[in-house]
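J.: My structure file target-v3.txt, compact mmCIF, C-alpha atoms (C1' of nucleotides), is below:
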```txt
# COMPACT_ATOMS: atom_id res chain seq x y z
CA MET A 1 124.91 82.80 87.52
CA THR A 2 127.82 85.01 86.62
CA TRP A 3 125.64 88.06 87.04
CA THR A 4 125.50 87.39 90.75
CA GLN A 5 128.98 88.77 90.98
CA GLU A 6 127.62 92.07 89.82
CA TRP A 7 125.35 92.40 92.83
CA LEU A 8 128.05 91.48 95.26
CA GLU A 9 129.90 94.64 94.41
CA LEU A 10 126.95 96.94 94.94
CA ASP A 11 126.29 98.73 98.17
CA PRO A 12 123.41 96.92 99.88
CA THR A 13 122.48 99.97 101.92
CA VAL A 14 121.57 101.94 98.82
CA CYS A 15 118.24 100.25 98.41
CA SER A 16 114.67 101.39 98.05
CA VAL A 17 113.39 98.29 99.76
CA ALA A 18 115.55 98.98 102.78
CA ARG A 19 114.42 102.58 102.93
CA THR A 20 110.76 101.70 102.81
CA VAL A 21 111.17 98.95 105.36
CA ALA A 22 112.98 101.35 107.64
CA LEU A 23 110.03 103.70 107.35
CA VAL A 24 107.10 101.35 107.87
CA GLY A 25 108.51 97.90 108.50
CA ASP A 26 107.92 97.50 112.18
CA LYS A 27 105.53 95.19 113.90
CA TRP A 28 102.48 97.43 113.95
CA THR A 29 102.65 99.87 111.09
CA PHE A 30 101.31 97.65 108.33
CA LEU A 31 98.32 96.71 110.41
CA LEU A 32 97.80 100.30 111.41
CA LEU A 33 97.83 101.37 107.79
CA ARG A 34 95.42 98.60 106.96
CA GLU A 35 92.98 99.97 109.49
CA VAL A 36 93.33 103.53 108.30
CA ASN A 37 92.79 102.37 104.75
CA ASN A 38 89.54 100.83 105.86
CA GLY A 39 88.47 104.09 107.37
CA VAL A 40 89.28 103.38 111.01
CA ARG A 41 90.81 106.70 111.94
CA ARG A 42 90.42 107.34 115.64
CA PHE A 43 92.68 106.41 118.45
CA GLU A 44 90.34 104.33 120.51
CA PRO A 45 89.04 101.96 117.84
CA LEU A 46 92.54 101.63 116.45
CA GLN A 47 93.90 100.66 119.82
CA ARG A 48 91.10 98.21 120.45
CA ARG A 49 91.43 96.53 117.07
CA LEU A 50 95.20 96.35 116.95
CA GLY A 51 95.61 95.32 120.55
CA ALA A 52 98.75 97.42 120.72
CA PRO A 53 99.64 99.22 123.93
CA ARG A 54 98.40 102.78 123.87
CA ALA A 55 101.88 104.19 124.16
CA VAL A 56 103.04 102.16 121.21
CA LEU A 57 100.11 103.23 119.09
CA ALA A 58 100.67 106.86 119.99
CA ALA A 59 104.31 106.56 119.03
CA ARG A 60 103.50 104.95 115.68
CA LEU A 61 100.89 107.53 114.85
CA ALA A 62 103.25 110.35 115.70
CA HIS A 63 105.95 108.77 113.60
CA LEU A 64 103.68 108.35 110.60
CA VAL A 65 102.39 111.90 110.90
CA ASP A 66 105.95 113.06 111.14
CA ALA A 67 106.88 111.12 108.03
CA GLY A 68 103.96 112.60 106.13
CA LEU A 69 102.00 109.39 105.66
CA LEU A 70 99.18 110.43 107.95
CA GLU A 71 97.75 113.78 108.88
CA ARG A 72 95.90 114.77 112.00
CA ALA A 73 92.56 116.22 111.12
CA PRO A 74 90.43 117.98 113.72
CA TYR A 75 86.84 116.87 114.07
CA ARG A 76 84.12 117.66 116.51
CA GLU A 77 81.18 115.69 117.71
CA ALA A 78 78.13 117.39 119.15
CA GLY A 79 78.80 118.76 122.61
CA GLN A 80 82.33 117.44 122.66
CA ARG A 81 85.58 119.28 122.42
CA THR A 82 87.66 119.14 119.29
CA ARG A 83 89.52 115.92 118.76
CA PHE A 84 91.74 114.55 116.08
CA GLU A 85 91.58 111.73 113.66
CA TYR A 86 94.24 110.37 111.36
CA ARG A 87 93.88 110.39 107.62
CA LEU A 88 96.02 109.00 104.90
CA THR A 89 97.90 111.51 102.88
CA GLN A 90 98.64 110.80 99.25
CA ARG A 91 102.08 109.76 100.36
CA GLY A 92 100.47 107.30 102.72
CA ALA A 93 97.96 106.08 100.16
CA ASP A 94 100.82 105.31 97.81
CA LEU A 95 101.73 102.47 100.14
CA ARG A 96 98.57 100.66 99.16
CA PRO A 97 100.28 98.40 96.63
CA VAL A 98 102.43 97.13 99.46
CA LEU A 99 99.39 96.28 101.51
CA VAL A 100 97.67 94.69 98.55
CA ALA A 101 100.74 92.63 97.79
CA LEU A 102 100.92 91.41 101.39
CA MET A 103 97.23 90.64 101.33
CA GLN A 104 97.36 88.78 98.06
CA TYR A 105 100.22 86.64 99.28
CA GLY A 106 98.32 85.82 102.43
CA ASP A 107 95.24 84.95 100.42
CA GLN A 108 97.22 82.66 98.15
CA HIS A 109 99.42 80.91 100.62
CA LEU A 110 98.22 81.43 104.16
CA ALA A 111 94.48 81.31 103.78
CA GLU A 112 91.90 79.34 105.64
CA ASP A 113 89.12 77.39 104.03
CA ALA A 114 86.61 80.15 104.23
CA GLY A 115 88.20 82.27 101.55
CA PRO A 116 89.74 85.72 101.63
CA PRO A 117 88.75 88.02 104.49
CA VAL A 118 88.79 90.97 102.14
CA GLU A 119 88.02 91.21 98.46
CA LEU A 120 89.06 94.00 96.18
CA ARG A 121 86.76 95.22 93.46
CA HIS A 122 87.18 97.67 90.67
CA ARG A 123 84.73 100.40 91.55
CA GLY A 124 84.14 101.11 87.89
CA CYS A 125 83.14 97.66 86.70
CA GLY A 126 82.83 95.54 89.81
CA ALA A 127 85.38 92.94 88.77
CA ASP A 128 87.92 91.44 91.14
CA VAL A 129 91.21 93.24 91.34
CA HIS A 130 94.65 91.79 91.70
CA LEU A 131 98.19 92.99 91.62
CA ALA A 132 100.39 91.99 88.73
CA LEU A 133 103.87 92.55 87.45
CA VAL A 134 103.54 93.90 83.97
CA CYS A 135 106.12 95.18 81.56
CA ALA A 136 105.94 98.17 79.30
CA ASN A 137 104.91 95.87 76.48
CA ALA A 138 101.96 94.73 78.55
CA HIS A 139 103.27 91.26 79.24
CA VAL A 140 102.26 89.81 82.57
CA LEU A 141 105.14 88.24 84.46
CA SER A 142 104.35 85.10 86.37
CA GLY A 143 107.28 82.71 86.16
CA ARG A 144 110.18 82.61 88.54
CA ASP A 145 112.64 83.71 85.88
CA ASP A 146 110.67 86.33 84.04
CA LEU A 147 111.96 89.13 86.19
CA ALA A 148 115.43 90.46 85.56
CA PRO A 149 116.64 92.99 88.12
CA ARG A 150 119.44 95.21 86.93
CA PRO A 151 121.52 97.79 88.77
CA GLY A 152 120.01 101.19 88.11
CA SER A 153 121.44 104.63 87.78
CA GLY A 154 121.33 105.17 91.52
CA ALA A 155 123.34 102.07 92.34
CA ARG A 156 126.63 102.56 94.13
CA ARG A 157 129.65 100.34 94.24
CA LEU A 158 131.03 99.21 97.54
CA ALA A 159 133.81 101.38 98.87
CA SER A 160 136.04 98.56 100.10
CA MET B 1 82.00 107.18 105.71
CA THR B 2 79.14 105.06 107.00
CA TRP B 3 80.88 101.98 105.62
CA THR B 4 83.53 102.37 108.26
CA GLN B 5 81.10 100.86 110.71
CA GLU B 6 81.14 97.68 108.68
CA TRP B 7 84.86 97.21 109.23
CA LEU B 8 84.65 97.89 112.93
CA GLU B 9 82.57 94.77 113.41
CA LEU B 10 85.00 92.49 111.62
CA ASP B 11 87.65 90.50 113.41
CA PRO B 12 90.98 92.25 112.78
CA THR B 13 92.96 89.08 113.41
CA VAL B 14 91.41 87.35 110.44
CA CYS B 15 93.58 89.15 107.95
CA SER B 16 95.86 88.11 105.14
CA VAL B 17 98.06 91.14 105.67
CA ALA B 18 98.60 90.16 109.28
CA ARG B 19 99.41 86.59 108.36
CA THR B 20 101.97 87.57 105.78
CA VAL B 21 103.55 90.11 108.09
CA ALA B 22 103.77 87.48 110.79
CA LEU B 23 105.60 85.25 108.32
CA VAL B 24 108.13 87.64 106.85
CA GLY B 25 107.66 90.97 108.58
CA ASP B 26 110.68 91.06 110.82
CA LYS B 27 113.68 93.28 110.60
CA TRP B 28 115.82 91.20 108.25
CA THR B 29 113.62 89.01 106.13
CA PHE B 30 112.72 91.50 103.44
CA LEU B 31 116.34 92.37 102.90
CA LEU B 32 117.30 88.73 102.95
CA LEU B 33 114.72 87.96 100.29
CA ARG B 34 115.94 90.88 98.26
CA GLU B 35 119.44 89.41 98.23
CA VAL B 36 118.24 85.95 97.32
CA ASN B 37 116.17 87.42 94.53
CA ASN B 38 119.33 89.01 93.22
CA GLY B 39 121.06 85.69 93.21
CA VAL B 40 123.04 86.05 96.43
CA ARG B 41 122.45 82.61 97.84
CA ARG B 42 125.31 81.65 100.10
CA PHE B 43 125.69 82.23 103.78
CA GLU B 44 128.86 84.23 103.82
CA PRO B 45 128.00 86.91 101.25
CA LEU B 46 124.53 87.20 102.72
CA GLN B 47 125.95 87.80 106.15
CA ARG B 48 128.46 90.30 104.90
CA ARG B 49 125.93 92.26 102.88
CA LEU B 50 123.15 92.28 105.43
CA GLY B 51 125.39 93.01 108.37
CA ALA B 52 123.20 90.78 110.48
CA PRO B 53 124.77 88.64 113.19
CA ARG B 54 125.49 85.15 111.94
CA ALA B 55 123.17 83.57 114.44
CA VAL B 56 120.34 85.81 113.36
CA LEU B 57 120.91 85.06 109.69
CA ALA B 58 121.02 81.34 110.38
CA ALA B 59 117.77 81.56 112.27
CA ARG B 60 116.06 83.49 109.49
CA LEU B 61 117.27 81.10 106.83
CA ALA B 62 116.07 78.12 108.82
CA HIS B 63 112.74 79.77 109.36
CA LEU B 64 112.26 80.52 105.69
CA VAL B 65 113.28 77.02 104.66
CA ASP B 66 110.88 75.70 107.24
CA ALA B 67 108.11 77.85 105.86
CA GLY B 68 108.83 76.66 102.34
CA LEU B 69 109.98 79.99 100.93
CA LEU B 70 113.57 78.87 100.46
CA GLU B 71 115.13 75.52 99.82
CA ARG B 72 118.61 74.33 100.64
CA ALA B 73 120.33 73.13 97.53
CA PRO B 74 123.62 71.25 97.67
CA TYR B 75 126.44 72.47 95.53
CA ARG B 76 130.06 71.61 95.25
CA GLU B 77 133.07 73.59 94.24
CA ALA B 78 136.17 71.90 92.92
CA GLY B 79 138.08 70.23 95.71
CA GLN B 80 135.64 71.36 98.37
CA ARG B 81 133.12 69.37 100.26
CA THR B 82 129.44 69.69 99.55
CA ARG B 83 127.86 72.86 100.80
CA PHE B 84 124.43 74.38 100.63
CA GLU B 85 122.96 77.42 99.10
CA TYR B 86 119.49 78.87 99.45
CA ARG B 87 117.13 79.17 96.53
CA LEU B 88 113.73 80.68 96.24
CA THR B 89 110.89 78.26 95.91
CA GLN B 90 107.83 79.26 93.94
CA ARG B 91 106.19 80.03 97.25
CA GLY B 92 109.06 82.37 97.99
CA ALA B 93 109.09 83.86 94.55
CA ASP B 94 105.43 84.70 94.98
CA LEU B 95 106.50 87.29 97.53
CA ARG B 96 108.18 89.26 94.81
CA PRO B 97 105.25 91.63 94.34
CA VAL B 98 105.72 92.65 97.96
CA LEU B 99 109.37 93.44 97.38
CA VAL B 100 108.60 95.25 94.17
CA ALA B 101 105.91 97.28 95.88
CA LEU B 102 108.31 98.25 98.66
CA MET B 103 110.93 99.12 96.10
CA GLN B 104 108.60 101.19 93.98
CA TYR B 105 107.51 103.16 96.99
CA GLY B 106 111.08 103.80 97.96
CA ASP B 107 111.91 104.88 94.45
CA GLN B 108 108.99 107.27 94.41
CA HIS B 109 109.20 108.78 97.83
CA LEU B 110 112.51 108.03 99.47
CA ALA B 111 114.91 108.29 96.58
CA GLU B 112 118.10 110.20 96.21
CA ASP B 113 118.98 112.28 93.22
CA ALA B 114 120.86 109.56 91.42
CA GLY B 115 117.79 107.59 90.45
CA PRO B 116 116.66 104.09 91.38
CA PRO B 117 119.33 101.70 92.62
CA VAL B 118 117.65 98.81 90.85
CA GLU B 119 115.67 98.57 87.65
CA LEU B 120 113.41 95.71 86.71
CA ARG B 121 113.26 94.30 83.22
CA HIS B 122 111.15 91.63 81.61
CA ARG B 123 113.59 88.93 80.69
CA GLY B 124 111.54 88.00 77.68
CA CYS B 125 111.35 91.37 75.99
CA GLY B 126 113.64 93.66 77.94
CA ALA B 127 110.99 96.22 78.80
CA ASP B 128 110.73 97.91 82.17
CA VAL B 129 108.53 96.18 84.68
CA HIS B 130 106.19 97.73 87.18
CA LEU B 131 103.45 96.68 89.51
CA ALA B 132 99.88 97.34 88.53
CA LEU B 133 96.43 96.82 89.96
CA VAL B 134 94.35 95.22 87.26
CA CYS B 135 90.82 93.91 87.35
CA ALA B 136 89.42 90.76 85.80
CA ASN B 137 88.20 92.84 82.89
CA ALA B 138 91.76 93.96 82.26
CA HIS B 139 91.22 97.52 83.41
CA VAL B 140 94.23 99.11 85.02
CA LEU B 141 93.36 100.91 88.24
CA SER B 142 95.15 104.17 88.75
CA GLY B 143 92.87 106.56 90.62
CA ARG B 144 92.66 106.87 94.34
CA ASP B 145 89.04 105.73 94.44
CA ASP B 146 89.13 102.98 91.86
CA LEU B 147 89.75 100.38 94.51
CA ALA B 148 86.82 99.18 96.57
CA PRO B 149 87.71 96.82 99.42
CA ARG B 150 84.83 94.65 100.59
CA PRO B 151 84.57 92.07 103.33
CA GLY B 152 85.12 88.68 101.70
CA SER B 153 83.75 85.23 102.31
CA GLY B 154 86.47 84.56 104.89
CA ALA B 155 85.64 87.59 107.00
CA ARG B 156 84.50 86.95 110.54
CA ARG B 157 82.44 89.11 112.80
CA LEU B 158 83.76 90.01 116.19
CA ALA B 159 82.59 87.75 118.96
CA SER B 160 81.82 90.45 121.50
C1' DC C 1 132.92 78.23 104.28
C1' DA C 2 128.88 77.61 106.97
C1' DG C 3 127.31 77.67 110.57
C1' DT C 4 126.85 77.18 116.64
C1' DA C 5 127.53 78.84 121.11
C1' DT C 6 127.80 82.30 124.46
C1' DC C 7 127.17 86.56 126.72
C1' DC C 8 125.48 90.95 127.35
C1' DC C 9 122.66 94.65 126.37
C1' DA C 10 118.95 97.63 124.58
C1' DA C 11 114.71 98.24 122.49
C1' DG C 12 110.27 97.42 122.66
C1' DC C 13 106.34 95.14 124.51
C1' DG C 14 102.46 94.43 127.74
C1' DA C 15 99.97 95.93 131.78
C1' DT C 16 98.35 99.29 134.48
C1' DA C 17 97.49 103.71 136.12
C1' DC C 18 96.96 108.58 135.46
C1' DT C 19 95.43 113.24 133.05
C1' DG C 20 92.95 116.88 130.38
C1' DC D 1 87.97 110.06 124.29
C1' DA D 2 92.78 110.59 123.44
C1' DG D 3 96.43 110.30 124.92
C1' DT D 4 101.07 110.20 128.85
C1' DA D 5 103.63 108.08 132.40
C1' DT D 6 105.73 104.35 134.57
C1' DC D 7 107.66 99.74 135.15
C1' DG D 8 109.08 95.07 134.86
C1' DC D 9 110.27 91.90 131.63
C1' DT D 10 111.06 89.23 127.53
C1' DT D 11 112.69 89.04 122.94
C1' DG D 12 115.92 89.62 119.92
C1' DG D 13 120.17 92.02 118.48
C1' DG D 14 125.40 92.92 118.43
C1' DA D 15 129.98 91.26 119.32
C1' DT D 16 132.93 87.68 119.69
C1' DA D 17 134.64 83.17 119.80
C1' DC D 18 134.42 78.35 118.55
C1' DT D 19 133.69 73.98 115.32
C1' DG D 20 133.32 70.61 111.34
```
For this file, produce the structure as structure tokens.

T.:
Amino acid sequence: MTWTQEWLELDPTVCSVARTVALVGDKWTFLLLREVNNGVRRFEPLQRRLGAPRAVLAARLAHLVDAGLLERAPYREAGQRTRFEYRLTQRGADLRPVLVALMQYGDQHLAEDAGPPVELRHRGCGADVHLALVCANAHVLSGRDDLAPRPGSGARRLAS
Amino acid sequence: MTWTQEWLELDPTVCSVARTVALVGDKWTFLLLREVNNGVRRFEPLQRRLGAPRAVLAARLAHLVDAGLLERAPYREAGQRTRFEYRLTQRGADLRPVLVALMQYGDQHLAEDAGPPVELRHRGCGADVHLALVCANAHVLSGRDDLAPRPGSGARRLAS
DNA sequence: CAGTATCCCAAGCGATACTG
DNA sequence: CAGTATCGCTTGGGATACTG
């Protein structure tokens, strides 16, 4: 446990987890991204499915567009004026592992009898997909102690 | 895009993402779990590093113990009375992919020049660790369209 | 050290109504 | 359909002080 001391001296605000959480870690954003990932892109169905107040949804969408995770794309249905829908950017799609990780945990530990609400398949071969921690030597990490976090080059010591 | 219709008819509350977010998706829990993963297990250092009010930290710890993600373990320093520290259970350790996913996203998209604040190594072989989507046939999914989400056996149609 | 207790405040939520 | 505007209210957060 001596290595714990090492972490105590590092600045906890210099942290990629904290930065990502600050960006998308509020009550609605994960669920909103889930919907967009499933192709639900318009305001009305989003609002109906999330159950969020319209003002809240509008604020979240604006925030995500602003952060570059979503983009507004104009579309037009016959006889209607131009409207907008929200699409994932690459930057937004890169958050998919987070969603998959949340989903997998829910499937494993918070599931009901009926099985997972969503299954992930490899489009190429049809097999089930899961998320795994793998090392550069292709070992799969499963045990509690297989993972060794180390301060990286961007770590900063505490000022005090 | 016709498959979008399929998702519109499914109950959005039956969702493993939503359940996991409901469990750990508040402002402090991710950061708290990050600290515990790094071996910071006692109340005082946790409070100091998170900057959360003591009452809030106590509530989060109790909640996580209650949910079975952490366990209180007694320890004793020389000449002191017995105290408690908080350790990850397996159930808590299983959330690590979520943390790693958040961290990887931050490293990729929200980083500073200095590089990642934390690096992950495989304790067995020392190699760098990353998160990967793999299928049952051991294919690694990398492309944007390799992943095909499908309603699973636990999916429920909307009542209305 | 490891929490409780208290108080106050602000953000954010939910509901509803309104607009182009 | 796709939002804005408004409002009352609860939840939870910050600061501080207290206890075994």

J.: Expressed in Å to a single decimal, how great is the separation between atom CA of B:Leu70 and atom CA of B:Tyr105?

T.: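 According to the coordinates, atom CA of B:Leu70 and atom CA of B:Tyr105 are separated by 25.3 Å.
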
J.: Scan for residues within 8 Å of the point (128.5, 73.0, 116.6) in the coordinates of the file, using all atoms listed in the file, and reply as a list in words.

T.: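 Counting all atoms listed in the file, I find these residues within 8 Å of (128.5, 73.0, 116.6): DG3, DT4 and DA5 of chain C; DT19 and DG20 of chain D.
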
J.: Would you mind telling me which residue in B:Arg19, B:Arg81, B:Arg156, B:Arg87 lies nearest to chain C when using only C-alpha atoms (C1' of nucleotides)?

T.: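 That would be B:Arg81, the residue with the smallest distance to chain C.
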
J.: When you look at B:Ala58 with a cut-off of 10 Å (counting only C-alpha atoms (C1' of nucleotides)), what residues show up, excluding the ones that are within fewer than 4 positions of it in the same chain? I need them as a ChimeraX atom specification.

T.: /B:43,47,52-54,62-64 /C:2-4

J.: By least-squares superposition of chain B on chain A, using all C-alpha atoms in order, what RMSD in Å to one decimal is obtained?

T.: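 Fitting chain B to chain A over paired C-alpha atoms yields 0.7 Å.
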
J.: Can you tell me how far atom CA of A:Arg150 sits from atom CA of A:Leu10, in Å to one decimal?

T.: 11.1 Å

J.: What does the distance from atom CA of A:Ala18 to atom CA of B:Cys15 come to in Å, to one decimal?

T.: 24.6 Å

J.: Quick one: residues within 6 Å of (117.1, 99.5, 89.8) (file frame), counting all atoms listed in the file, please, as a PyMOL selection string.

T.: (chain A and resi 150-152) or (chain B and resi 116-119)

J.: Env of B:Pro149: 12 Å cut, atoms = all atoms listed in the file, seq-sep filter 2 positions within chain, self excluded. Answer as a JSON list (two decimals) with C-alpha atoms, in the coordinates of the input.

T.:
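After the write, part06.json holds the following:
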```
[["chain", "number", "residue", "atom", "x", "y", "z"],
["A", 34, "ARG", "CA", 95.42, 98.60, 106.96],
["A", 35, "GLU", "CA", 92.98, 99.97, 109.49],
["A", 37, "ASN", "CA", 92.79, 102.37, 104.75],
["A", 38, "ASN", "CA", 89.54, 100.83, 105.86],
["A", 39, "GLY", "CA", 88.47, 104.09, 107.37],
["A", 96, "ARG", "CA", 98.57, 100.66, 99.16],
["A", 99, "LEU", "CA", 99.39, 96.28, 101.51],
["A", 100, "VAL", "CA", 97.67, 94.69, 98.55],
["A", 103, "MET", "CA", 97.23, 90.64, 101.33],
["A", 116, "PRO", "CA", 89.74, 85.72, 101.63],
["A", 117, "PRO", "CA", 88.75, 88.02, 104.49],
["A", 118, "VAL", "CA", 88.79, 90.97, 102.14],
["A", 119, "GLU", "CA", 88.02, 91.21, 98.46],
["A", 120, "LEU", "CA", 89.06, 94.00, 96.18],
["A", 121, "ARG", "CA", 86.76, 95.22, 93.46],
["A", 122, "HIS", "CA", 87.18, 97.67, 90.67],
["A", 123, "ARG", "CA", 84.73, 100.40, 91.55],
["A", 126, "GLY", "CA", 82.83, 95.54, 89.81],
["A", 127, "ALA", "CA", 85.38, 92.94, 88.77],
["A", 128, "ASP", "CA", 87.92, 91.44, 91.14],
["A", 129, "VAL", "CA", 91.21, 93.24, 91.34],
["A", 130, "HIS", "CA", 94.65, 91.79, 91.70],
["B", 3, "TRP", "CA", 80.88, 101.98, 105.62],
["B", 4, "THR", "CA", 83.53, 102.37, 108.26],
["B", 6, "GLU", "CA", 81.14, 97.68, 108.68],
["B", 7, "TRP", "CA", 84.86, 97.21, 109.23],
["B", 145, "ASP", "CA", 89.04, 105.73, 94.44],
["B", 146, "ASP", "CA", 89.13, 102.98, 91.86],
["B", 147, "LEU", "CA", 89.75, 100.38, 94.51],
["B", 151, "PRO", "CA", 84.57, 92.07, 103.33],
["B", 152, "GLY", "CA", 85.12, 88.68, 101.70]]
```

J.: Identify, on the basis of only C-alpha atoms (C1' of nucleotides), every residue whose closest approach to stretch 3-13 of chain D does not exceed 10 Å; exclude the query and any residue fewer than 4 positions from it along the same chain; express the result as a list of chain:residue names.

T.: A:Phe43, A:Glu44, A:Arg54, A:Ala55, A:Leu57, A:Ala58, B:Ala52, B:Pro53, B:Ala55, B:Val56, C:DC9, C:DA10, C:DA11, C:DG12, C:DC13, C:DG14, C:DA15, C:DT16, C:DA17, C:DC18, C:DT19, C:DG20

J.: For the selection you just gave me, I'd like the residues written to a file as a PDB file, in the coordinates of the input, keeping C-alpha atoms (C1' of nucleotides).

T.:
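After the write, part-v4.pdb holds the following:
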```pdb
ATOM      1  CA  PHE A  43      92.680 106.410 118.450  1.00  0.00           C
ATOM      2  CA  GLU A  44      90.340 104.330 120.510  1.00  0.00           C
ATOM      3  CA  ARG A  54      98.400 102.780 123.870  1.00  0.00           C
ATOM      4  CA  ALA A  55     101.880 104.190 124.160  1.00  0.00           C
ATOM      5  CA  LEU A  57     100.110 103.230 119.090  1.00  0.00           C
ATOM      6  CA  ALA A  58     100.670 106.860 119.990  1.00  0.00           C
TER       7      ALA A  58
ATOM      8  CA  ALA B  52     123.200  90.780 110.480  1.00  0.00           C
ATOM      9  CA  PRO B  53     124.770  88.640 113.190  1.00  0.00           C
ATOM     10  CA  ALA B  55     123.170  83.570 114.440  1.00  0.00           C
ATOM     11  CA  VAL B  56     120.340  85.810 113.360  1.00  0.00           C
TER      12      VAL B  56
ATOM     13  C1'  DC C   9     122.660  94.650 126.370  1.00  0.00           C
ATOM     14  C1'  DA C  10     118.950  97.630 124.580  1.00  0.00           C
ATOM     15  C1'  DA C  11     114.710  98.240 122.490  1.00  0.00           C
ATOM     16  C1'  DG C  12     110.270  97.420 122.660  1.00  0.00           C
ATOM     17  C1'  DC C  13     106.340  95.140 124.510  1.00  0.00           C
ATOM     18  C1'  DG C  14     102.460  94.430 127.740  1.00  0.00           C
ATOM     19  C1'  DA C  15      99.970  95.930 131.780  1.00  0.00           C
ATOM     20  C1'  DT C  16      98.350  99.290 134.480  1.00  0.00           C
ATOM     21  C1'  DA C  17      97.490 103.710 136.120  1.00  0.00           C
ATOM     22  C1'  DC C  18      96.960 108.580 135.460  1.00  0.00           C
ATOM     23  C1'  DT C  19      95.430 113.240 133.050  1.00  0.00           C
ATOM     24  C1'  DG C  20      92.950 116.880 130.380  1.00  0.00           C
TER      25       DG C  20
END
```

J.: Find the residues near C:DC7: any atom within 12 Å, counting all atoms listed in the file, skip ones fewer than 5 places away on the same chain, and give them as a list in words.

T.: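 In the requested format, the answer is DG14, DA15, DT16 and DA17 of chain D.
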
J.: With a distance cut-off of 12 Å and only C-alpha atoms (C1' of nucleotides), select the neighbouring residues of B:Val17, excluding the residue or stretch itself and same-chain residues fewer than 2 positions from it, and output the selection as a PyMOL selection string.

T.: (chain A and resi 27-35+96-111+116-118) or (chain B and resi 12-15+19-25+98)

J.: Mind giving me the axis-aligned box for stretch 35-46 of chain B with 4 Å on every side, centre plus edges in Å to one decimal, as AutoDock Vina command-line options?

T.:
```
--center_x 122.5 --center_y 85.5 --center_z 98.5 --size_x 20.7 --size_y 15.8 --size_z 18.6
```
